[in-house]
Amino acid sequence: MAQAKTTPVLATPSDAIAAFERDLPKALKNRTLEEAGWRRLDDMTLLVPLRAPQPNGKPDEYLLRLGFACYPDWPPSALFVNPQTLSYDKAKDKCWLPKIEGCPEIAVHTDYMNRGQLVCCSLTLEFYNILHDVKPEHVWSSKEHNFSATIHQIEWALRSPFYKGRHAILPP
């Protein structure tokens, strides 16, 4: 395995915002933010609701917060958040994280090595920040990907046999 040659660095805010604005219409696929159910918290933060189908017909609902501080040279940061607080508290919010087990492409950790939540996937910024071995074919390429790839990979995992429900039961 080859080690990624560099670690992520912050983009200039104007470059990150411009790249996000450029790629947003591609990700929305001729929909508005409202039609997609997405919401921008600020110029570099996007909230994306996601659903995981369940046998009982009522899907598990999650809220993914994407951050674009290093975009487009690096993928967006990805964090599942409590829909009321829009943040993640590892002591209280495990129920807002999906449990994905046995999947070679993605894992969701409630507290990875005492450093907080980790959506471990080569299409998330955090994957590169943990400084593990990265195969060359997994390194993010802004020529090949935009942030919709991140959303699609996570959506795929939520619909896959690797999805095992929530990390914890929702409070009443």
# chains A, B, ... in the order shown; residues from 1 in each chain; ligands from 1

call {"tool": "closest_atom_pairs", "arguments": {"of": "range 85-138 of chain A", "to": "range 50-54 of chain A", "cutoff": "12 Å", "atoms": "only C-alpha atoms", "output": "Markdown table"}}
result
| residue | atom | partner | partner_atom | distance |
| --- | --- | --- | --- | --- |
| A:Trp96 | CA | A:Leu50 | CA | 11.1 |
| A:Leu97 | CA | A:Leu50 | CA | 11.1 |
| A:Pro98 | CA | A:Ala52 | CA | 8.6 |
| A:Lys99 | CA | A:Ala52 | CA | 10.7 |
| A:Ile100 | CA | A:Ala52 | CA | 11.1 |

call {"tool": "residues_around", "arguments": {"residues": "range 57-63 of chain A", "least_positions_apart": "2", "cutoff": "10 Å", "atoms": "only C-alpha atoms", "output": "list of chain:residue names"}}
result
A:Trp38, A:Leu47, A:Val48, A:Pro49, A:Leu50, A:Arg51, A:Ala52, A:Pro53, A:Gln54, A:Pro55, A:Arg65, A:Leu66, A:Leu79, A:Phe80, A:Val81, A:Asn82, A:Pro83, A:Gln84, A:Leu86, A:Ser87, A:Cys95, A:Trp96, A:Leu97, A:Pro98, A:Leu158, A:Gly165, A:Arg166

call {"tool": "closest_atom_pairs", "arguments": {"of": "range 59-124 of chain A", "to": "range 142-152 of chain A", "cutoff": "9 Å", "atoms": "only C-alpha atoms", "output": "CSV"}}
result
residue,atom,partner,partner_atom,distance
A:Leu64,CA,A:Ile151,CA,8.6
A:Leu66,CA,A:Phe147,CA,8.7
A:Phe68,CA,A:Phe147,CA,9.0
A:Tyr71,CA,A:Ser142,CA,8.4
A:Pro72,CA,A:Ser142,CA,5.8
A:Asp73,CA,A:Ser142,CA,5.6
A:Trp74,CA,A:Ser142,CA,7.1
A:Pro75,CA,A:Phe147,CA,6.4
A:Pro76,CA,A:Phe147,CA,6.4
A:Ala78,CA,A:Thr150,CA,8.3
A:Cys121,CA,A:Thr150,CA,8.5
A:Ser122,CA,A:Thr150,CA,8.6
A:Leu123,CA,A:Thr150,CA,5.1
A:Thr124,CA,A:Thr150,CA,6.5

call {"tool": "write_last_selection", "arguments": {"atoms": "N, CA and C atoms", "output": "PDB file, in the first residue's frame"}}
result
ATOM      1  N   LEU A  64     -26.593  14.378   7.363  1.00  0.00           N
ATOM      2  CA  LEU A  64     -25.170  14.435   7.061  1.00  0.00           C
ATOM      3  C   LEU A  64     -24.758  15.891   6.878  1.00  0.00           C
ATOM      4  N   LEU A  66     -21.854  18.238   5.541  1.00  0.00           N
ATOM      5  CA  LEU A  66     -20.649  18.280   4.707  1.00  0.00           C
ATOM      6  C   LEU A  66     -19.994  19.646   4.849  1.00  0.00           C
ATOM      7  N   PHE A  68     -16.722  22.162   3.425  1.00  0.00           N
ATOM      8  CA  PHE A  68     -15.960  22.347   2.194  1.00  0.00           C
ATOM      9  C   PHE A  68     -14.694  23.180   2.380  1.00  0.00           C
ATOM     10  N   TYR A  71     -12.012  21.799  -0.003  1.00  0.00           N
ATOM     11  CA  TYR A  71     -12.562  21.474  -1.317  1.00  0.00           C
ATOM     12  C   TYR A  71     -12.099  22.488  -2.356  1.00  0.00           C
ATOM     13  N   PRO A  72     -11.822  22.114  -3.591  1.00  0.00           N
ATOM     14  CA  PRO A  72     -12.057  20.843  -4.261  1.00  0.00           C
ATOM     15  C   PRO A  72     -10.845  19.915  -4.302  1.00  0.00           C
ATOM     16  N   ASP A  73      -9.702  20.362  -3.789  1.00  0.00           N
ATOM     17  CA  ASP A  73      -8.516  19.503  -3.848  1.00  0.00           C
ATOM     18  C   ASP A  73      -8.657  18.270  -2.969  1.00  0.00           C
ATOM     19  N   TRP A  74      -9.527  18.356  -1.975  1.00  0.00           N
ATOM     20  CA  TRP A  74      -9.812  17.241  -1.078  1.00  0.00           C
ATOM     21  C   TRP A  74     -11.319  17.107  -0.957  1.00  0.00           C
ATOM     22  N   PRO A  75     -11.806  15.925  -0.607  1.00  0.00           N
ATOM     23  CA  PRO A  75     -13.257  15.748  -0.491  1.00  0.00           C
ATOM     24  C   PRO A  75     -13.818  16.552   0.679  1.00  0.00           C
ATOM     25  N   PRO A  76     -15.133  16.679   0.719  1.00  0.00           N
ATOM     26  CA  PRO A  76     -15.722  17.381   1.858  1.00  0.00           C
ATOM     27  C   PRO A  76     -15.567  16.577   3.141  1.00  0.00           C
ATOM     28  N   ALA A  78     -17.246  14.983   6.375  1.00  0.00           N
ATOM     29  CA  ALA A  78     -18.568  14.369   6.510  1.00  0.00           C
ATOM     30  C   ALA A  78     -18.787  13.979   7.960  1.00  0.00           C
ATOM     31  N   CYS A 121     -14.081   6.717   4.663  1.00  0.00           N
ATOM     32  CA  CYS A 121     -14.347   6.429   3.255  1.00  0.00           C
ATOM     33  C   CYS A 121     -13.419   7.343   2.461  1.00  0.00           C
ATOM     34  N   SER A 122     -12.872   6.867   1.376  1.00  0.00           N
ATOM     35  CA  SER A 122     -11.925   7.692   0.616  1.00  0.00           C
ATOM     36  C   SER A 122     -12.575   8.908  -0.019  1.00  0.00           C
ATOM     37  N   LEU A 123     -13.888   9.034   0.104  1.00  0.00           N
ATOM     38  CA  LEU A 123     -14.600  10.201  -0.429  1.00  0.00           C
ATOM     39  C   LEU A 123     -14.954  11.195   0.676  1.00  0.00           C
ATOM     40  N   THR A 124     -14.315  11.047   1.855  1.00  0.00           N
ATOM     41  CA  THR A 124     -14.477  12.020   2.937  1.00  0.00           C
ATOM     42  C   THR A 124     -13.103  12.545   3.357  1.00  0.00           C
TER      43      THR A 124
END

call {"tool": "select_by_dssp", "arguments": {"residues": "chain A", "states": "strand (DSSP E)", "output": "PDB file with N, CA and C atoms, in the first residue's frame"}}
result
ATOM      1  N   ARG A  39     -29.953  21.844   2.879  1.00  0.00           N
ATOM      2  CA  ARG A  39     -29.914  23.189   3.465  1.00  0.00           C
ATOM      3  C   ARG A  39     -28.469  23.615   3.661  1.00  0.00           C
ATOM      4  N   ARG A  40     -28.208  24.868   3.363  1.00  0.00           N
ATOM      5  CA  ARG A  40     -26.877  25.415   3.600  1.00  0.00           C
ATOM      6  C   ARG A  40     -26.865  26.130   4.939  1.00  0.00           C
ATOM      7  N   LEU A  41     -25.884  25.781   5.771  1.00  0.00           N
ATOM      8  CA  LEU A  41     -25.727  26.485   7.045  1.00  0.00           C
ATOM      9  C   LEU A  41     -24.967  27.773   6.847  1.00  0.00           C
ATOM     10  N   ASP A  42     -24.006  27.735   5.937  1.00  0.00           N
ATOM     11  CA  ASP A  42     -23.206  28.905   5.584  1.00  0.00           C
ATOM     12  C   ASP A  42     -22.619  28.642   4.204  1.00  0.00           C
ATOM     13  N   THR A  45     -20.927  24.980   4.233  1.00  0.00           N
ATOM     14  CA  THR A  45     -21.498  23.856   4.985  1.00  0.00           C
ATOM     15  C   THR A  45     -22.862  23.503   4.404  1.00  0.00           C
ATOM     16  N   LEU A  46     -23.042  22.221   4.111  1.00  0.00           N
ATOM     17  CA  LEU A  46     -24.281  21.727   3.526  1.00  0.00           C
ATOM     18  C   LEU A  46     -24.850  20.618   4.403  1.00  0.00           C
ATOM     19  N   LEU A  47     -26.147  20.675   4.652  1.00  0.00           N
ATOM     20  CA  LEU A  47     -26.857  19.619   5.383  1.00  0.00           C
ATOM     21  C   LEU A  47     -27.661  18.792   4.396  1.00  0.00           C
ATOM     22  N   VAL A  48     -27.466  17.472   4.448  1.00  0.00           N
ATOM     23  CA  VAL A  48     -28.122  16.561   3.509  1.00  0.00           C
ATOM     24  C   VAL A  48     -28.848  15.478   4.301  1.00  0.00           C
ATOM     25  N   PRO A  49     -30.183  15.454   4.254  1.00  0.00           N
ATOM     26  CA  PRO A  49     -30.901  14.364   4.913  1.00  0.00           C
ATOM     27  C   PRO A  49     -30.763  13.079   4.097  1.00  0.00           C
ATOM     28  N   LEU A  50     -30.549  11.972   4.788  1.00  0.00           N
ATOM     29  CA  LEU A  50     -30.406  10.664   4.143  1.00  0.00           C
ATOM     30  C   LEU A  50     -31.329   9.667   4.820  1.00  0.00           C
ATOM     31  N   ARG A  51     -31.764   8.681   4.058  1.00  0.00           N
ATOM     32  CA  ARG A  51     -32.663   7.654   4.585  1.00  0.00           C
ATOM     33  C   ARG A  51     -32.103   6.268   4.322  1.00  0.00           C
ATOM     34  N   ALA A  52     -32.317   5.403   5.291  1.00  0.00           N
ATOM     35  CA  ALA A  52     -31.960   3.993   5.154  1.00  0.00           C
ATOM     36  C   ALA A  52     -33.252   3.189   5.218  1.00  0.00           C
ATOM     37  N   ASP A  60     -34.968   4.670   8.493  1.00  0.00           N
ATOM     38  CA  ASP A  60     -34.149   5.381   9.472  1.00  0.00           C
ATOM     39  C   ASP A  60     -33.677   6.661   8.795  1.00  0.00           C
ATOM     40  N   GLU A  61     -33.813   7.777   9.485  1.00  0.00           N
ATOM     41  CA  GLU A  61     -33.431   9.068   8.911  1.00  0.00           C
ATOM     42  C   GLU A  61     -32.195   9.603   9.608  1.00  0.00           C
ATOM     43  N   TYR A  62     -31.296  10.154   8.776  1.00  0.00           N
ATOM     44  CA  TYR A  62     -30.035  10.706   9.252  1.00  0.00           C
ATOM     45  C   TYR A  62     -29.822  12.076   8.627  1.00  0.00           C
ATOM     46  N   LEU A  63     -28.947  12.856   9.254  1.00  0.00           N
ATOM     47  CA  LEU A  63     -28.579  14.153   8.705  1.00  0.00           C
ATOM     48  C   LEU A  63     -27.061  14.199   8.582  1.00  0.00           C
ATOM     49  N   LEU A  64     -26.593  14.378   7.363  1.00  0.00           N
ATOM     50  CA  LEU A  64     -25.170  14.435   7.061  1.00  0.00           C
ATOM     51  C   LEU A  64     -24.758  15.891   6.878  1.00  0.00           C
ATOM     52  N   ARG A  65     -23.731  16.292   7.597  1.00  0.00           N
ATOM     53  CA  ARG A  65     -23.195  17.655   7.458  1.00  0.00           C
ATOM     54  C   ARG A  65     -21.883  17.578   6.680  1.00  0.00           C
ATOM     55  N   LEU A  66     -21.854  18.238   5.541  1.00  0.00           N
ATOM     56  CA  LEU A  66     -20.649  18.280   4.707  1.00  0.00           C
ATOM     57  C   LEU A  66     -19.994  19.646   4.849  1.00  0.00           C
ATOM     58  N   GLY A  67     -18.670  19.645   4.991  1.00  0.00           N
ATOM     59  CA  GLY A  67     -17.895  20.884   5.091  1.00  0.00           C
ATOM     60  C   GLY A  67     -16.907  20.977   3.936  1.00  0.00           C
ATOM     61  N   SER A  77     -15.563  17.291   4.253  1.00  0.00           N
ATOM     62  CA  SER A  77     -15.649  16.595   5.534  1.00  0.00           C
ATOM     63  C   SER A  77     -17.072  16.078   5.656  1.00  0.00           C
ATOM     64  N   ALA A  78     -17.246  14.983   6.375  1.00  0.00           N
ATOM     65  CA  ALA A  78     -18.568  14.369   6.510  1.00  0.00           C
ATOM     66  C   ALA A  78     -18.787  13.979   7.960  1.00  0.00           C
ATOM     67  N   LEU A  79     -19.931  14.392   8.492  1.00  0.00           N
ATOM     68  CA  LEU A  79     -20.259  14.134   9.884  1.00  0.00           C
ATOM     69  C   LEU A  79     -21.762  13.927   9.991  1.00  0.00           C
ATOM     70  N   PHE A  80     -22.168  12.836  10.606  1.00  0.00           N
ATOM     71  CA  PHE A  80     -23.583  12.657  10.910  1.00  0.00           C
ATOM     72  C   PHE A  80     -23.888  13.466  12.161  1.00  0.00           C
ATOM     73  N   PRO A  98     -25.414   5.897  11.567  1.00  0.00           N
ATOM     74  CA  PRO A  98     -25.732   4.566  11.063  1.00  0.00           C
ATOM     75  C   PRO A  98     -24.628   3.574  11.414  1.00  0.00           C
ATOM     76  N   LYS A  99     -25.020   2.332  11.607  1.00  0.00           N
ATOM     77  CA  LYS A  99     -24.057   1.263  11.841  1.00  0.00           C
ATOM     78  C   LYS A  99     -23.861   0.547  10.499  1.00  0.00           C
ATOM     79  N   ILE A 100     -22.643   0.607   9.991  1.00  0.00           N
ATOM     80  CA  ILE A 100     -22.301  -0.059   8.733  1.00  0.00           C
ATOM     81  C   ILE A 100     -21.172  -1.030   9.067  1.00  0.00           C
ATOM     82  N   ALA A 107     -16.939   2.841   6.612  1.00  0.00           N
ATOM     83  CA  ALA A 107     -17.266   2.490   7.993  1.00  0.00           C
ATOM     84  C   ALA A 107     -17.623   3.782   8.717  1.00  0.00           C
ATOM     85  N   VAL A 108     -18.494   3.664   9.700  1.00  0.00           N
ATOM     86  CA  VAL A 108     -18.864   4.823  10.512  1.00  0.00           C
ATOM     87  C   VAL A 108     -18.523   4.481  11.961  1.00  0.00           C
ATOM     88  N   HIS A 109     -17.620   5.251  12.540  1.00  0.00           N
ATOM     89  CA  HIS A 109     -17.172   5.045  13.915  1.00  0.00           C
ATOM     90  C   HIS A 109     -17.735   6.154  14.807  1.00  0.00           C
ATOM     91  N   LEU A 118     -16.016   9.315  12.974  1.00  0.00           N
ATOM     92  CA  LEU A 118     -15.275   9.176  11.728  1.00  0.00           C
ATOM     93  C   LEU A 118     -16.133   8.441  10.715  1.00  0.00           C
ATOM     94  N   VAL A 119     -16.416   9.101   9.605  1.00  0.00           N
ATOM     95  CA  VAL A 119     -16.998   8.443   8.444  1.00  0.00           C
ATOM     96  C   VAL A 119     -15.787   8.094   7.582  1.00  0.00           C
ATOM     97  N   CYS A 120     -15.355   6.853   7.672  1.00  0.00           N
ATOM     98  CA  CYS A 120     -14.109   6.420   7.036  1.00  0.00           C
ATOM     99  C   CYS A 120     -14.405   5.899   5.636  1.00  0.00           C
ATOM    100  N   TYR A 163     -25.600  -2.201   5.989  1.00  0.00           N
ATOM    101  CA  TYR A 163     -26.300  -1.318   6.929  1.00  0.00           C
ATOM    102  C   TYR A 163     -27.005  -2.174   7.972  1.00  0.00           C
ATOM    103  N   LYS A 164     -26.709  -1.908   9.238  1.00  0.00           N
ATOM    104  CA  LYS A 164     -27.243  -2.712  10.339  1.00  0.00           C
ATOM    105  C   LYS A 164     -28.072  -1.910  11.326  1.00  0.00           C
ATOM    106  N   GLY A 165     -28.611  -0.778  10.911  1.00  0.00           N
ATOM    107  CA  GLY A 165     -29.435   0.030  11.798  1.00  0.00           C
ATOM    108  C   GLY A 165     -28.635   1.167  12.416  1.00  0.00           C
ATOM    109  N   ARG A 166     -29.121   1.662  13.506  1.00  0.00           N
ATOM    110  CA  ARG A 166     -28.468   2.773  14.219  1.00  0.00           C
ATOM    111  C   ARG A 166     -27.434   2.244  15.205  1.00  0.00           C
TER     112      ARG A 166
END

call {"tool": "select_by_dssp", "arguments": {"residues": "range 28-168 of chain A", "states": "alpha helix (DSSP H)", "output": "PyMOL selection string"}}
result
chain A and resi 28+33-36+125-129+148-159

call {"tool": "atom_distance", "arguments": {"atom1": "CA of Glu126 in chain A", "atom2": "CA of Glu34 in chain A"}}
result
27.6 Å

call {"tool": "closest_residue", "arguments": {"among": "A:Met113, A:Leu10, A:Ala157, A:Leu170", "to": "Asp93 in chain A", "atoms": "only C-alpha atoms"}}
result
A:Leu170

call {"tool": "atom_distance", "arguments": {"atom1": "CA of Gly102 in chain A", "atom2": "CA of Ile130 in chain A"}}
result
19.6 Å
